[in-house]
file input_37.csv (CSV, C-alpha atoms)
chain,number,residue,atom,x,y,z
A,1,MET,CA,20.1,-46.4,9.6
A,2,LYS,CA,22.4,-43.4,9.1
A,3,PRO,CA,20.9,-42.5,5.8
A,4,ILE,CA,17.4,-42.5,7.4
A,5,LEU,CA,18.6,-40.2,10.2
A,6,ALA,CA,20.3,-37.9,7.8
A,7,LEU,CA,17.1,-37.7,5.7
A,8,LEU,CA,15.0,-37.2,8.8
A,9,SER,CA,17.3,-34.4,10.0
A,10,LEU,CA,17.1,-32.7,6.6
A,11,ALA,CA,13.3,-32.9,6.5
A,12,LEU,CA,13.1,-31.4,10.0
A,13,LEU,CA,15.5,-28.6,9.0
A,14,VAL,CA,13.3,-27.8,6.0
A,15,ALA,CA,10.1,-27.9,8.0
A,16,CYS,CA,11.4,-25.6,10.7
A,17,SER,CA,13.1,-23.0,8.4
A,18,PRO,CA,11.2,-19.7,8.0
A,19,LYS,CA,8.8,-19.6,5.0
A,20,SER,CA,10.0,-17.3,2.3
A,21,GLU,CA,7.3,-14.7,1.6
A,22,THR,CA,6.8,-13.2,-1.8
A,23,GLN,CA,8.2,-9.7,-1.8
A,24,THR,CA,5.7,-6.8,-2.2
A,25,ILE,CA,6.0,-5.1,-5.5
A,26,VAL,CA,4.7,-1.5,-6.0
A,27,THR,CA,4.1,-0.4,-9.6
A,28,VAL,CA,4.5,3.3,-10.3
A,29,THR,CA,2.7,4.9,-13.2
A,30,ASP,CA,1.8,8.4,-14.4
A,31,ALA,CA,4.5,10.2,-12.4
A,32,TRP,CA,5.0,14.0,-13.0
A,33,CYS,CA,6.0,17.1,-11.2
A,34,ARG,CA,4.7,20.7,-11.6
A,35,PRO,CA,7.2,23.3,-12.9
A,36,THR,CA,8.2,25.9,-10.3
A,37,PRO,CA,9.1,29.5,-10.5
A,38,ALA,CA,12.7,30.5,-9.6
A,39,GLY,CA,13.1,30.6,-5.8
A,40,ALA,CA,10.0,28.5,-5.1
A,41,LEU,CA,9.9,27.1,-1.5
A,42,ALA,CA,8.3,23.9,-2.5
A,43,ALA,CA,7.3,21.7,-5.5
A,44,ALA,CA,4.6,19.1,-5.9
A,45,CYS,CA,4.7,15.7,-7.7
A,46,TYR,CA,2.0,13.2,-8.5
A,47,LEU,CA,1.8,9.6,-9.5
A,48,THR,CA,-0.2,6.4,-9.2
A,49,LEU,CA,0.9,3.5,-7.0
A,50,THR,CA,-0.4,-0.1,-7.1
A,51,ALA,CA,0.9,-2.6,-4.6
A,52,SER,CA,0.9,-6.4,-4.9
A,53,ALA,CA,0.2,-6.7,-1.1
A,54,ASP,CA,-0.9,-4.2,1.5
A,55,ASP,CA,1.9,-1.7,2.0
A,56,ARG,CA,2.6,2.0,2.8
A,57,LEU,CA,4.4,4.8,1.0
A,58,VAL,CA,6.5,6.1,3.9
A,59,GLY,CA,8.8,8.6,2.3
A,60,VAL,CA,10.3,10.2,-0.7
A,61,GLU,CA,13.8,11.6,-1.4
A,62,THR,CA,15.3,13.5,-4.2
A,63,PRO,CA,18.7,15.2,-4.7
A,64,LEU,CA,16.9,18.2,-6.1
A,65,ALA,CA,15.3,19.3,-2.7
A,66,GLU,CA,16.3,19.5,0.9
A,67,ARG,CA,13.7,16.9,1.7
A,68,GLY,CA,10.5,15.2,0.4
A,69,GLU,CA,7.3,14.5,2.3
A,70,VAL,CA,4.0,12.7,1.6
A,71,HIS,CA,1.1,15.2,2.0
A,72,THR,CA,-2.6,15.3,1.9
A,73,MET,CA,-5.1,18.1,1.3
A,74,ASP,CA,-8.6,18.4,2.5
A,75,MET,CA,-11.3,21.0,2.9
A,76,THR,CA,-12.0,21.9,6.6
A,77,GLY,CA,-14.6,24.6,7.4
A,78,GLY,CA,-14.3,26.0,3.9
A,79,VAL,CA,-10.5,26.2,4.0
A,80,MET,CA,-8.2,24.0,2.0
A,81,ARG,CA,-5.6,22.6,4.3
A,82,MET,CA,-2.4,20.7,3.5
A,83,ARG,CA,-0.6,18.5,6.0
A,84,LYS,CA,2.2,16.0,6.1
A,85,LEU,CA,1.2,12.3,6.5
A,86,ASP,CA,3.6,11.3,9.3
A,87,ASP,CA,2.7,7.6,9.0
A,88,GLY,CA,2.8,7.6,5.2
A,89,LEU,CA,0.0,6.7,2.8
A,90,ALA,CA,-1.8,3.3,2.8
A,91,LEU,CA,-1.5,1.2,-0.3
A,92,PRO,CA,-4.2,-1.4,-0.2
A,93,LYS,CA,-3.5,-4.6,-2.2
A,94,SER,CA,-4.2,-4.4,-5.9
A,95,THR,CA,-5.9,-1.0,-5.5
A,96,PRO,CA,-4.5,2.0,-7.5
A,97,VAL,CA,-3.7,4.9,-5.2
A,98,VAL,CA,-3.7,8.1,-7.2
A,99,LEU,CA,-1.7,11.0,-5.9
A,100,LYS,CA,-3.1,14.1,-7.6
A,101,PRO,CA,-3.6,17.9,-7.3
A,102,GLY,CA,-6.0,18.8,-4.5
A,103,ALA,CA,-5.5,15.4,-2.7
A,104,GLU,CA,-2.6,13.2,-1.6
A,105,HIS,CA,0.7,14.3,-3.3
A,106,LEU,CA,4.5,14.4,-2.8
A,107,MET,CA,5.9,17.7,-1.6
A,108,LEU,CA,9.5,18.6,-2.3
A,109,ILE,CA,10.6,21.1,0.4
A,110,ALA,CA,13.2,23.7,-0.5
A,111,PRO,CA,14.0,22.8,-4.1
A,112,LYS,CA,17.7,23.3,-4.9
A,113,GLN,CA,16.9,24.4,-8.4
A,114,GLN,CA,13.9,25.5,-10.5
A,115,LEU,CA,11.9,22.6,-11.9
A,116,ALA,CA,11.6,23.6,-15.5
A,117,GLU,CA,9.1,22.2,-17.9
A,118,ASP,CA,10.4,19.3,-20.1
A,119,GLY,CA,13.0,18.5,-17.3
A,120,SER,CA,12.7,15.6,-15.0
A,121,VAL,CA,13.0,14.9,-11.2
A,122,PRO,CA,14.6,11.8,-9.8
A,123,LEU,CA,12.4,10.5,-6.9
A,124,THR,CA,13.3,7.7,-4.6
A,125,LEU,CA,10.0,6.3,-3.2
A,126,LYS,CA,10.3,4.4,0.2
A,127,PHE,CA,7.8,1.8,1.3
A,128,ALA,CA,7.2,-0.1,4.5
A,129,LYS,CA,7.6,-3.5,2.9
A,130,ALA,CA,8.5,-3.2,-0.8
A,131,PRO,CA,12.0,-2.2,-1.7
A,132,ALA,CA,12.7,1.5,-2.5
A,133,GLN,CA,12.3,2.5,-6.1
A,134,THR,CA,13.9,5.4,-7.9
A,135,ILE,CA,12.0,6.9,-10.9
A,136,ASN,CA,12.3,9.9,-13.1
A,137,ALA,CA,9.2,12.1,-13.1
A,138,PRO,CA,8.8,14.5,-16.0
A,139,VAL,CA,8.2,18.1,-15.2
A,140,ARG,CA,5.1,19.4,-17.0
A,141,LEU,CA,2.0,21.5,-16.7
A,142,PRO,CA,-1.2,19.7,-15.6
A,143,ALA,CA,-3.4,18.4,-18.3
A,144,ILE,CA,-6.5,20.5,-19.0
A,145,PRO,CA,-9.6,18.4,-18.6
A,146,HIS,CA,-11.6,18.0,-21.8
A,147,GLY,CA,-14.0,20.8,-22.5
A,148,GLN,CA,-12.3,23.3,-20.2
A,149,GLY,CA,-10.6,26.4,-21.6
A,150,MET,CA,-12.8,26.2,-24.7
A,151,ALA,CA,-15.1,29.0,-23.9
A,152,HIS,CA,-16.4,31.0,-26.9
A,153,ASP,CA,-17.9,34.5,-26.5
A,154,ASN,CA,-20.6,35.7,-28.8
call {"tool": "encode", "arguments": {"input": "input_37.csv", "output": "structure tokens"}}
result
Amino acid sequence: MKPILALLSLALLVACSPKSETQTIVTVTDAWCRPTPAGALAAACYLTLTASADDRLVGVETPLAERGEVHTMDMTGGVMRMRKLDDGLALPKSTPVVLKPGAEHLMLIAPKQQLAEDGSVPLTLKFAKAPAQTINAPVRLPAIPHGQGMAHDN
């Protein structure tokens, strides 16, 4: 009788224990930051995030700036406006979210040094569910879209 009670107790314990949820994973690709002139008050960085479950990018930190913020830009009344996303940026499950010039991006406030082309910026990305990730974003100029800058004068 005792083995049956022990087995029943074990089954009850397993059935009542919290279910382990699979941890959200956020994949980071195409990260880069713009070079800055000496004495710049801010710097911008861009990347693509893809989450394995619904999540949010809630913050960014770097030792190279006083603080990092998640920003958006939009056109309102013919004026381009930039603002901090206090609640972070939604990352829908399995949907790439592209942070790019003229849209959502990372803003590094009060850089402690000039971001020079061919350098890199360590960024720690913080998420609502997924564990924080530290990446190194290369510093480079934006790519020129195909066909632009190829004007020929006759």
call {"tool": "residues_near_point", "arguments": {"input": "input_37.csv", "point": "(0.0, 5.6, -9.9)", "cutoff": "10 Å", "atoms": "all atoms listed in the file", "output": "list in words"}}
result
Val26, Thr27, Val28, Thr29, Asp30, Ala31, Tyr46, Leu47, Thr48, Leu49, Thr50, Ala51, Thr95, Pro96, Val97, Val98, Leu99 and Lys100 of chain A
call {"tool": "residues_around", "arguments": {"input": "input_37.csv", "residues": "Pro142 in chain A", "least_positions_apart": "4", "cutoff": "9 Å", "atoms": "all atoms listed in the file", "output": "PyMOL selection string"}}
result
chain A and resi 32-34+101
call {"tool": "atom_distance", "arguments": {"input": "input_37.csv", "atom1": "CA of His71 in chain A", "atom2": "CA of Thr22 in chain A"}}
result
29.2 Å
call {"tool": "residues_around", "arguments": {"input": "input_37.csv", "residues": "Leu41 in chain A", "least_positions_apart": "6", "cutoff": "8 Å", "atoms": "all atoms listed in the file", "output": "compact mmCIF listing (two decimals) with C-alpha atoms, keeping the file's coordinate frame"}}
result
# COMPACT_ATOMS: atom_id res chain seq x y z
CA ILE A 109 10.60 21.10 0.40
CA ALA A 110 13.20 23.70 -0.50
CA PRO A 111 14.00 22.80 -4.10
call {"tool": "atom_distance", "arguments": {"input": "input_37.csv", "atom1": "CA of Leu125 in chain A", "atom2": "CA of Gly59 in chain A"}}
result
6.1 Å
call {"tool": "closest_atom_pairs", "arguments": {"input": "input_37.csv", "of": "range 44-72 of chain A", "to": "range 135-139 of chain A", "cutoff": "12 Å", "atoms": "only C-alpha atoms", "output": "JSON lines"}}
result
{"residue": "A:Ala44", "atom": "CA", "partner": "A:Val139", "partner_atom": "CA", "distance": 10.0}
{"residue": "A:Cys45", "atom": "CA", "partner": "A:Ala137", "partner_atom": "CA", "distance": 7.9}
{"residue": "A:Tyr46", "atom": "CA", "partner": "A:Ala137", "partner_atom": "CA", "distance": 8.6}
{"residue": "A:Leu47", "atom": "CA", "partner": "A:Ala137", "partner_atom": "CA", "distance": 8.6}
{"residue": "A:Thr48", "atom": "CA", "partner": "A:Ala137", "partner_atom": "CA", "distance": 11.7}
{"residue": "A:Val60", "atom": "CA", "partner": "A:Ile135", "partner_atom": "CA", "distance": 10.9}
{"residue": "A:Glu61", "atom": "CA", "partner": "A:Ile135", "partner_atom": "CA", "distance": 10.8}
{"residue": "A:Thr62", "atom": "CA", "partner": "A:Ile135", "partner_atom": "CA", "distance": 10.0}
{"residue": "A:Pro63", "atom": "CA", "partner": "A:Asn136", "partner_atom": "CA", "distance": 11.8}
{"residue": "A:Leu64", "atom": "CA", "partner": "A:Asn136", "partner_atom": "CA", "distance": 11.8}
